[in-house]
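Undergrad: Dumping the structure here so I can ask a few things about it.
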Amino acid sequence: MDIGEQNRFAWDKKVEDRAVYTQEASSDVIKKSKAGNWEITVTTNRPVPRSWFPASLTGKKILCLASGGGQQGPILATTGADVTVFDISNRQLEKDSLVAEREGLNLKTVQGDMTDLSCFQDETFDIIVHPVANLFVKDISHVWHEAARVLKTNGTLISGFTNPVLFIFDDEEDRKGNLVVKHTIPFHSLQDLCEEEVETYLKANHTIEFGHTLEDQIQGQVDAGFVIAGFFEDDFGGKRPIDQHLKCFIATKAIKASI
């Protein structure tokens, strides 16, 4: 089984179904952004602090990593930045191209797996914006090391990821309003399924997700050569029962060390 291919097909299907993270930025949002009142998210609701970015993004080379869907990329393109959106789903990338054409913005799109950025040379980008996405990758150390390779020294990596606590609960029960502990961390979507259930799951074009440890998420960045310089938490905005107890998303600002 090719995890990347399964998730690519699944995300293409999410675009067809108009899932929330496939909803491109509206013309009103782009108009506001062009006026200088821009903001992006890398988690669910909470905007990334503007202080995490340089005062001016004009001419800055930004990689929106695993960030298709017509959201972060087009908004950042309104600032005069040189934006490249990289994603495994061509259908998601089509959303970025749609907004760019609709709003007269310049950005590039590249299809690929976030664990392999070999299409980019070393030290290409000033900033990498990486919203919640590495839950679709089995080994996230590849993501952190590739990000470090293509980022310039003293460049900034802004990442969103899932608190692994979310994955210990039974998803079906959670959506009914019940928090039932079922899984252990590290976690993956197929670990408790029999062969027949796995086949059904894959045929339904579901994504394969991984609950990574916080050590892999945070120390993993440090091991790749980053220094953590910012941190905040976010939740589902009160839409899920766990919001009453814990924030399930984390964002970090990391600087590529000049060692």
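Residues are referred to by chain and number: the chain letter is A, B, ... according to the order shown in the structure tokens, the number counts from 1 in that chain, and ligands are numbered separately from 1 in the order shown.
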Do a neighbour search on region 89-104 of chain A at 6 Å with only C-alpha atoms, toss out local chain neighbours closer than 6 positions, and write the hits as a list in words.
TA: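 Within the cut-off, the hits are Arg8, Asp12, Gly68, Gly69 and Gly70 of chain A.
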Undergrad: Quick one: residues within 12 Å of Phe210 (chain A), only C-alpha atoms, excluding same-chain residues fewer than 4 positions away - as a PyMOL selection string?
TA: chain A and resi 3+7+132-140+161-168+183-191+216-217
Undergrad: Output N, CA, C and O atoms for every residue in that selection, as a compact mmCIF listing (two decimals), in the first residue's frame.
TA:
```txt
# COMPACT_ATOMS: atom_id res chain seq x y z
N ILE A 3 0.98 4.88 0.96
CA ILE A 3 0.25 5.82 1.82
C ILE A 3 0.05 7.15 1.12
O ILE A 3 -1.03 7.76 1.18
N ASN A 7 -3.58 8.92 0.24
CA ASN A 7 -3.96 10.24 0.74
C ASN A 7 -4.16 11.24 -0.39
O ASN A 7 -4.98 12.16 -0.27
N VAL A 132 -1.37 22.31 9.40
CA VAL A 132 -1.60 20.94 9.88
C VAL A 132 -1.70 19.99 8.69
O VAL A 132 -2.63 20.04 7.90
N ALA A 133 -0.70 19.13 8.53
CA ALA A 133 -0.66 18.20 7.39
C ALA A 133 0.21 17.00 7.67
O ALA A 133 0.05 15.96 7.03
N ASN A 134 1.15 17.11 8.62
CA ASN A 134 2.08 15.99 8.76
C ASN A 134 1.46 14.78 9.44
O ASN A 134 2.11 13.75 9.56
N LEU A 135 0.19 14.87 9.84
CA LEU A 135 -0.53 13.69 10.30
C LEU A 135 -0.78 12.70 9.17
O LEU A 135 -1.17 11.55 9.43
N PHE A 136 -0.53 13.10 7.93
CA PHE A 136 -0.71 12.21 6.78
C PHE A 136 0.60 11.55 6.36
O PHE A 136 0.66 10.90 5.31
N VAL A 137 1.64 11.70 7.17
CA VAL A 137 2.96 11.15 6.87
C VAL A 137 3.39 10.22 8.01
O VAL A 137 3.25 10.57 9.18
N LYS A 138 3.93 9.07 7.64
CA LYS A 138 4.33 8.08 8.65
C LYS A 138 5.55 8.53 9.44
O LYS A 138 5.58 8.41 10.67
N ASP A 139 6.57 9.05 8.77
CA ASP A 139 7.81 9.45 9.42
C ASP A 139 8.03 10.94 9.17
O ASP A 139 8.47 11.34 8.09
N ILE A 140 7.73 11.76 10.18
CA ILE A 140 7.81 13.21 9.96
C ILE A 140 9.23 13.75 10.04
O ILE A 140 9.45 14.93 9.72
N PHE A 161 0.44 21.56 13.80
CA PHE A 161 0.31 20.10 13.88
C PHE A 161 -0.65 19.72 15.00
O PHE A 161 -1.11 20.57 15.78
N THR A 162 -1.01 18.44 15.04
CA THR A 162 -2.03 17.94 15.94
C THR A 162 -1.42 17.46 17.26
O THR A 162 -0.44 16.72 17.26
N ASN A 163 -2.02 17.88 18.35
CA ASN A 163 -1.65 17.32 19.65
C ASN A 163 -2.04 15.84 19.64
O ASN A 163 -3.19 15.50 19.35
N PRO A 164 -1.10 14.92 19.94
CA PRO A 164 -1.41 13.50 19.84
C PRO A 164 -2.53 13.03 20.75
O PRO A 164 -3.13 11.97 20.51
N VAL A 165 -2.86 13.81 21.77
CA VAL A 165 -3.96 13.43 22.67
C VAL A 165 -5.25 13.20 21.88
O VAL A 165 -6.05 12.32 22.22
N LEU A 166 -5.46 13.96 20.81
CA LEU A 166 -6.68 13.81 20.01
C LEU A 166 -6.86 12.38 19.51
O LEU A 166 -7.99 11.87 19.44
N PHE A 167 -5.76 11.71 19.21
CA PHE A 167 -5.84 10.40 18.58
C PHE A 167 -6.09 9.26 19.55
O PHE A 167 -6.29 8.12 19.13
N ILE A 168 -6.07 9.51 20.85
CA ILE A 168 -6.33 8.41 21.78
C ILE A 168 -7.81 8.09 21.88
O ILE A 168 -8.19 7.03 22.37
N HIS A 183 -7.20 4.33 21.78
CA HIS A 183 -5.94 4.11 21.08
C HIS A 183 -4.73 4.52 21.93
O HIS A 183 -4.86 5.21 22.94
N THR A 184 -3.57 4.10 21.46
CA THR A 184 -2.31 4.52 22.06
C THR A 184 -1.52 5.34 21.04
O THR A 184 -1.80 5.30 19.84
N ILE A 185 -0.54 6.08 21.53
CA ILE A 185 0.32 6.91 20.69
C ILE A 185 1.71 6.30 20.68
O ILE A 185 2.21 5.93 21.75
N PRO A 186 2.37 6.19 19.55
CA PRO A 186 1.97 6.61 18.20
C PRO A 186 0.76 5.83 17.69
O PRO A 186 0.52 4.69 18.07
N PHE A 187 0.02 6.48 16.79
CA PHE A 187 -1.24 5.93 16.28
C PHE A 187 -1.25 6.01 14.76
O PHE A 187 -0.64 6.90 14.17
N HIS A 188 -1.95 5.06 14.13
CA HIS A 188 -2.30 5.24 12.71
C HIS A 188 -3.68 4.66 12.46
O HIS A 188 -4.16 3.80 13.21
N SER A 189 -4.34 5.15 11.42
CA SER A 189 -5.76 4.87 11.18
C SER A 189 -6.11 3.40 11.05
O SER A 189 -7.25 3.00 11.31
N LEU A 190 -5.16 2.57 10.61
CA LEU A 190 -5.47 1.18 10.30
C LEU A 190 -5.07 0.21 11.40
O LEU A 190 -5.30 -0.99 11.28
N GLN A 191 -4.50 0.71 12.50
CA GLN A 191 -3.87 -0.19 13.46
C GLN A 191 -4.83 -1.12 14.19
O GLN A 191 -4.44 -2.20 14.62
N ASP A 216 8.45 13.73 18.56
CA ASP A 216 8.71 13.72 17.13
C ASP A 216 8.39 15.08 16.50
O ASP A 216 9.06 15.52 15.56
N GLN A 217 7.35 15.73 17.02
CA GLN A 217 6.94 17.01 16.45
C GLN A 217 7.89 18.14 16.81
O GLN A 217 8.31 18.92 15.94
```
Undergrad: Do you know which residues are at most 8 Å from Lys34 (chain A) counting only C-alpha atoms, after dropping those on the same chain fewer than 3 positions away, and could you put them as an MDAnalysis selection string?
TA: chainID A and resid 30:31 37:38 78:79
Undergrad: Region 13-157 of chain A: which residues are alpha helix (DSSP H) by DSSP, as an mmCIF file with N, CA, C and O atoms, in the first residue's frame?
TA:
```cif
data_model
loop_
_atom_site.group_PDB
_atom_site.id
_atom_site.type_symbol
_atom_site.label_atom_id
_atom_site.label_comp_id
_atom_site.auth_asym_id
_atom_site.auth_seq_id
_atom_site.Cartn_x
_atom_site.Cartn_y
_atom_site.Cartn_z
ATOM 1 N N LYS A 13 -10.771 13.617 -3.405
ATOM 2 C CA LYS A 13 -12.183 13.369 -3.094
ATOM 3 C C LYS A 13 -12.717 14.442 -2.144
ATOM 4 O O LYS A 13 -13.867 14.889 -2.284
ATOM 5 N N LYS A 14 -11.903 14.886 -1.194
ATOM 6 C CA LYS A 14 -12.338 15.948 -0.282
ATOM 7 C C LYS A 14 -12.648 17.230 -1.050
ATOM 8 O O LYS A 14 -13.573 17.975 -0.701
ATOM 9 N N VAL A 15 -11.869 17.498 -2.090
ATOM 10 C CA VAL A 15 -12.139 18.681 -2.907
ATOM 11 C C VAL A 15 -13.498 18.546 -3.581
ATOM 12 O O VAL A 15 -14.296 19.493 -3.606
ATOM 13 N N GLU A 16 -13.771 17.369 -4.120
ATOM 14 C CA GLU A 16 -15.067 17.125 -4.752
ATOM 15 C C GLU A 16 -16.210 17.309 -3.761
ATOM 16 O O GLU A 16 -17.288 17.813 -4.106
ATOM 17 N N SER A 27 -13.104 36.453 -2.495
ATOM 18 C CA SER A 27 -12.647 37.724 -3.046
ATOM 19 C C SER A 27 -12.567 38.800 -1.971
ATOM 20 O O SER A 27 -11.681 39.657 -1.990
ATOM 21 N N ASP A 28 -13.483 38.759 -0.985
ATOM 22 C CA ASP A 28 -13.451 39.733 0.108
ATOM 23 C C ASP A 28 -12.180 39.581 0.939
ATOM 24 O O ASP A 28 -11.560 40.569 1.345
ATOM 25 N N VAL A 29 -11.794 38.333 1.200
ATOM 26 C CA VAL A 29 -10.570 38.081 1.970
ATOM 27 C C VAL A 29 -9.353 38.585 1.208
ATOM 28 O O VAL A 29 -8.455 39.226 1.778
ATOM 29 N N ILE A 30 -9.304 38.330 -0.085
ATOM 30 C CA ILE A 30 -8.171 38.774 -0.894
ATOM 31 C C ILE A 30 -8.135 40.304 -0.991
ATOM 32 O O ILE A 30 -7.051 40.915 -0.916
ATOM 33 N N LYS A 31 -9.280 40.930 -1.118
ATOM 34 C CA LYS A 31 -9.341 42.391 -1.161
ATOM 35 C C LYS A 31 -8.786 42.982 0.127
ATOM 36 O O LYS A 31 -7.990 43.937 0.106
ATOM 37 N N LYS A 32 -9.192 42.420 1.256
ATOM 38 C CA LYS A 32 -8.708 42.880 2.554
ATOM 39 C C LYS A 32 -7.198 42.655 2.673
ATOM 40 O O LYS A 32 -6.462 43.508 3.184
ATOM 41 N N SER A 33 -6.748 41.519 2.172
ATOM 42 C CA SER A 33 -5.327 41.199 2.240
ATOM 43 C C SER A 33 -4.503 42.154 1.394
ATOM 44 O O SER A 33 -3.420 42.594 1.800
ATOM 45 N N LYS A 34 -5.002 42.493 0.214
ATOM 46 C CA LYS A 34 -4.296 43.433 -0.658
ATOM 47 C C LYS A 34 -4.166 44.806 -0.004
ATOM 48 O O LYS A 34 -3.216 45.558 -0.294
ATOM 49 N N GLN A 72 -3.671 29.781 2.330
ATOM 50 C CA GLN A 72 -2.459 30.508 2.726
ATOM 51 C C GLN A 72 -1.710 31.103 1.532
ATOM 52 O O GLN A 72 -1.275 32.265 1.575
ATOM 53 N N GLY A 73 -1.539 30.310 0.472
ATOM 54 C CA GLY A 73 -0.742 30.754 -0.661
ATOM 55 C C GLY A 73 -1.227 32.047 -1.291
ATOM 56 O O GLY A 73 -0.461 33.016 -1.407
ATOM 57 N N PRO A 74 -2.476 32.135 -1.738
ATOM 58 C CA PRO A 74 -2.959 33.371 -2.351
ATOM 59 C C PRO A 74 -2.915 34.577 -1.409
ATOM 60 O O PRO A 74 -2.593 35.690 -1.841
ATOM 61 N N ILE A 75 -3.225 34.361 -0.124
ATOM 62 C CA ILE A 75 -3.172 35.478 0.828
ATOM 63 C C ILE A 75 -1.751 36.012 0.928
ATOM 64 O O ILE A 75 -1.521 37.230 0.882
ATOM 65 N N LEU A 76 -0.776 35.133 1.045
ATOM 66 C CA LEU A 76 0.614 35.571 1.136
ATOM 67 C C LEU A 76 1.089 36.215 -0.169
ATOM 68 O O LEU A 76 1.930 37.115 -0.161
ATOM 69 N N ALA A 77 0.519 35.765 -1.288
ATOM 70 C CA ALA A 77 0.891 36.347 -2.575
ATOM 71 C C ALA A 77 0.466 37.809 -2.683
ATOM 72 O O ALA A 77 1.065 38.581 -3.439
ATOM 73 N N ASN A 90 -3.366 17.428 -6.688
ATOM 74 C CA ASN A 90 -3.514 18.377 -7.785
ATOM 75 C C ASN A 90 -4.829 19.147 -7.700
ATOM 76 O O ASN A 90 -4.898 20.316 -8.088
ATOM 77 N N ARG A 91 -5.851 18.492 -7.177
ATOM 78 C CA ARG A 91 -7.142 19.173 -7.041
ATOM 79 C C ARG A 91 -7.058 20.313 -6.031
ATOM 80 O O ARG A 91 -7.687 21.361 -6.203
ATOM 81 N N GLN A 92 -6.282 20.108 -4.967
ATOM 82 C CA GLN A 92 -6.059 21.186 -4.009
ATOM 83 C C GLN A 92 -5.260 22.326 -4.647
ATOM 84 O O GLN A 92 -5.560 23.505 -4.443
ATOM 85 N N LEU A 93 -4.256 21.976 -5.420
ATOM 86 C CA LEU A 93 -3.453 22.996 -6.081
ATOM 87 C C LEU A 93 -4.271 23.790 -7.103
ATOM 88 O O LEU A 93 -4.018 24.980 -7.331
ATOM 89 N N GLU A 94 -5.256 23.144 -7.686
ATOM 90 C CA GLU A 94 -6.136 23.846 -8.617
ATOM 91 C C GLU A 94 -6.858 25.006 -7.923
ATOM 92 O O GLU A 94 -7.162 26.026 -8.556
ATOM 93 N N LYS A 95 -7.131 24.843 -6.635
ATOM 94 C CA LYS A 95 -7.781 25.919 -5.879
ATOM 95 C C LYS A 95 -6.873 27.138 -5.781
ATOM 96 O O LYS A 95 -7.336 28.285 -5.870
ATOM 97 N N ASP A 96 -5.579 26.914 -5.582
ATOM 98 C CA ASP A 96 -4.634 28.028 -5.527
ATOM 99 C C ASP A 96 -4.546 28.730 -6.879
ATOM 100 O O ASP A 96 -4.546 29.963 -6.941
ATOM 101 N N SER A 97 -4.489 27.944 -7.947
ATOM 102 C CA SER A 97 -4.445 28.526 -9.284
ATOM 103 C C SER A 97 -5.728 29.291 -9.595
ATOM 104 O O SER A 97 -5.698 30.363 -10.229
ATOM 105 N N LEU A 98 -6.861 28.771 -9.132
ATOM 106 C CA LEU A 98 -8.154 29.422 -9.352
ATOM 107 C C LEU A 98 -8.174 30.804 -8.717
ATOM 108 O O LEU A 98 -8.554 31.795 -9.352
ATOM 109 N N VAL A 99 -7.753 30.875 -7.445
ATOM 110 C CA VAL A 99 -7.761 32.168 -6.746
ATOM 111 C C VAL A 99 -6.758 33.123 -7.385
ATOM 112 O O VAL A 99 -7.037 34.316 -7.566
ATOM 113 N N ALA A 100 -5.580 32.614 -7.747
ATOM 114 C CA ALA A 100 -4.559 33.456 -8.353
ATOM 115 C C ALA A 100 -5.061 34.068 -9.658
ATOM 116 O O ALA A 100 -4.881 35.269 -9.912
ATOM 117 N N GLU A 101 -5.700 33.258 -10.498
ATOM 118 C CA GLU A 101 -6.226 33.759 -11.766
ATOM 119 C C GLU A 101 -7.380 34.727 -11.535
ATOM 120 O O GLU A 101 -7.466 35.778 -12.185
ATOM 121 N N ARG A 102 -8.254 34.382 -10.602
ATOM 122 C CA ARG A 102 -9.417 35.224 -10.311
ATOM 123 C C ARG A 102 -9.016 36.596 -9.787
ATOM 124 O O ARG A 102 -9.642 37.610 -10.108
ATOM 125 N N GLU A 103 -7.940 36.635 -8.982
ATOM 126 C CA GLU A 103 -7.563 37.868 -8.285
ATOM 127 C C GLU A 103 -6.322 38.542 -8.864
ATOM 128 O O GLU A 103 -5.843 39.528 -8.306
ATOM 129 N N SER A 141 10.181 12.936 10.435
ATOM 130 C CA SER A 141 11.558 13.424 10.454
ATOM 131 C C SER A 141 11.993 13.849 9.055
ATOM 132 O O SER A 141 12.775 14.801 8.888
ATOM 133 N N HIS A 142 11.477 13.166 8.023
ATOM 134 C CA HIS A 142 11.801 13.540 6.644
ATOM 135 C C HIS A 142 11.272 14.941 6.323
ATOM 136 O O HIS A 142 11.922 15.708 5.599
ATOM 137 N N VAL A 143 10.096 15.268 6.846
ATOM 138 C CA VAL A 143 9.513 16.588 6.602
ATOM 139 C C VAL A 143 10.398 17.668 7.207
ATOM 140 O O VAL A 143 10.730 18.668 6.555
ATOM 141 N N TRP A 144 10.811 17.471 8.466
ATOM 142 C CA TRP A 144 11.620 18.491 9.143
ATOM 143 C C TRP A 144 12.988 18.647 8.475
ATOM 144 O O TRP A 144 13.465 19.776 8.285
ATOM 145 N N HIS A 145 13.616 17.544 8.109
ATOM 146 C CA HIS A 145 14.947 17.637 7.504
ATOM 147 C C HIS A 145 14.900 18.238 6.097
ATOM 148 O O HIS A 145 15.788 19.014 5.717
ATOM 149 N N GLU A 146 13.885 17.901 5.332
ATOM 150 C CA GLU A 146 13.756 18.499 4.002
ATOM 151 C C GLU A 146 13.445 19.993 4.110
ATOM 152 O O GLU A 146 13.959 20.805 3.340
ATOM 153 N N ALA A 147 12.616 20.365 5.083
ATOM 154 C CA ALA A 147 12.321 21.783 5.294
ATOM 155 C C ALA A 147 13.600 22.540 5.640
ATOM 156 O O ALA A 147 13.853 23.637 5.125
ATOM 157 N N ALA A 148 14.415 21.945 6.514
ATOM 158 C CA ALA A 148 15.673 22.586 6.903
ATOM 159 C C ALA A 148 16.613 22.721 5.707
ATOM 160 O O ALA A 148 17.302 23.741 5.555
ATOM 161 N N ARG A 149 16.616 21.736 4.848
ATOM 162 C CA ARG A 149 17.525 21.768 3.693
ATOM 163 C C ARG A 149 17.179 22.893 2.734
ATOM 164 O O ARG A 149 18.068 23.612 2.248
ATOM 165 N N VAL A 150 15.886 23.069 2.437
ATOM 166 C CA VAL A 150 15.495 24.047 1.416
ATOM 167 C C VAL A 150 15.315 25.452 1.986
ATOM 168 O O VAL A 150 15.135 26.410 1.228
#
```
Undergrad: Choose the residue, out of A:Cys119, A:Ile208, A:Ala257, A:Leu65, that has the smallest atom-to-atom separation from Asp2 (chain A); count only C-alpha atoms.
TA: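 Closest to Asp2 (chain A), using only C-alpha atoms: A:Ile208.
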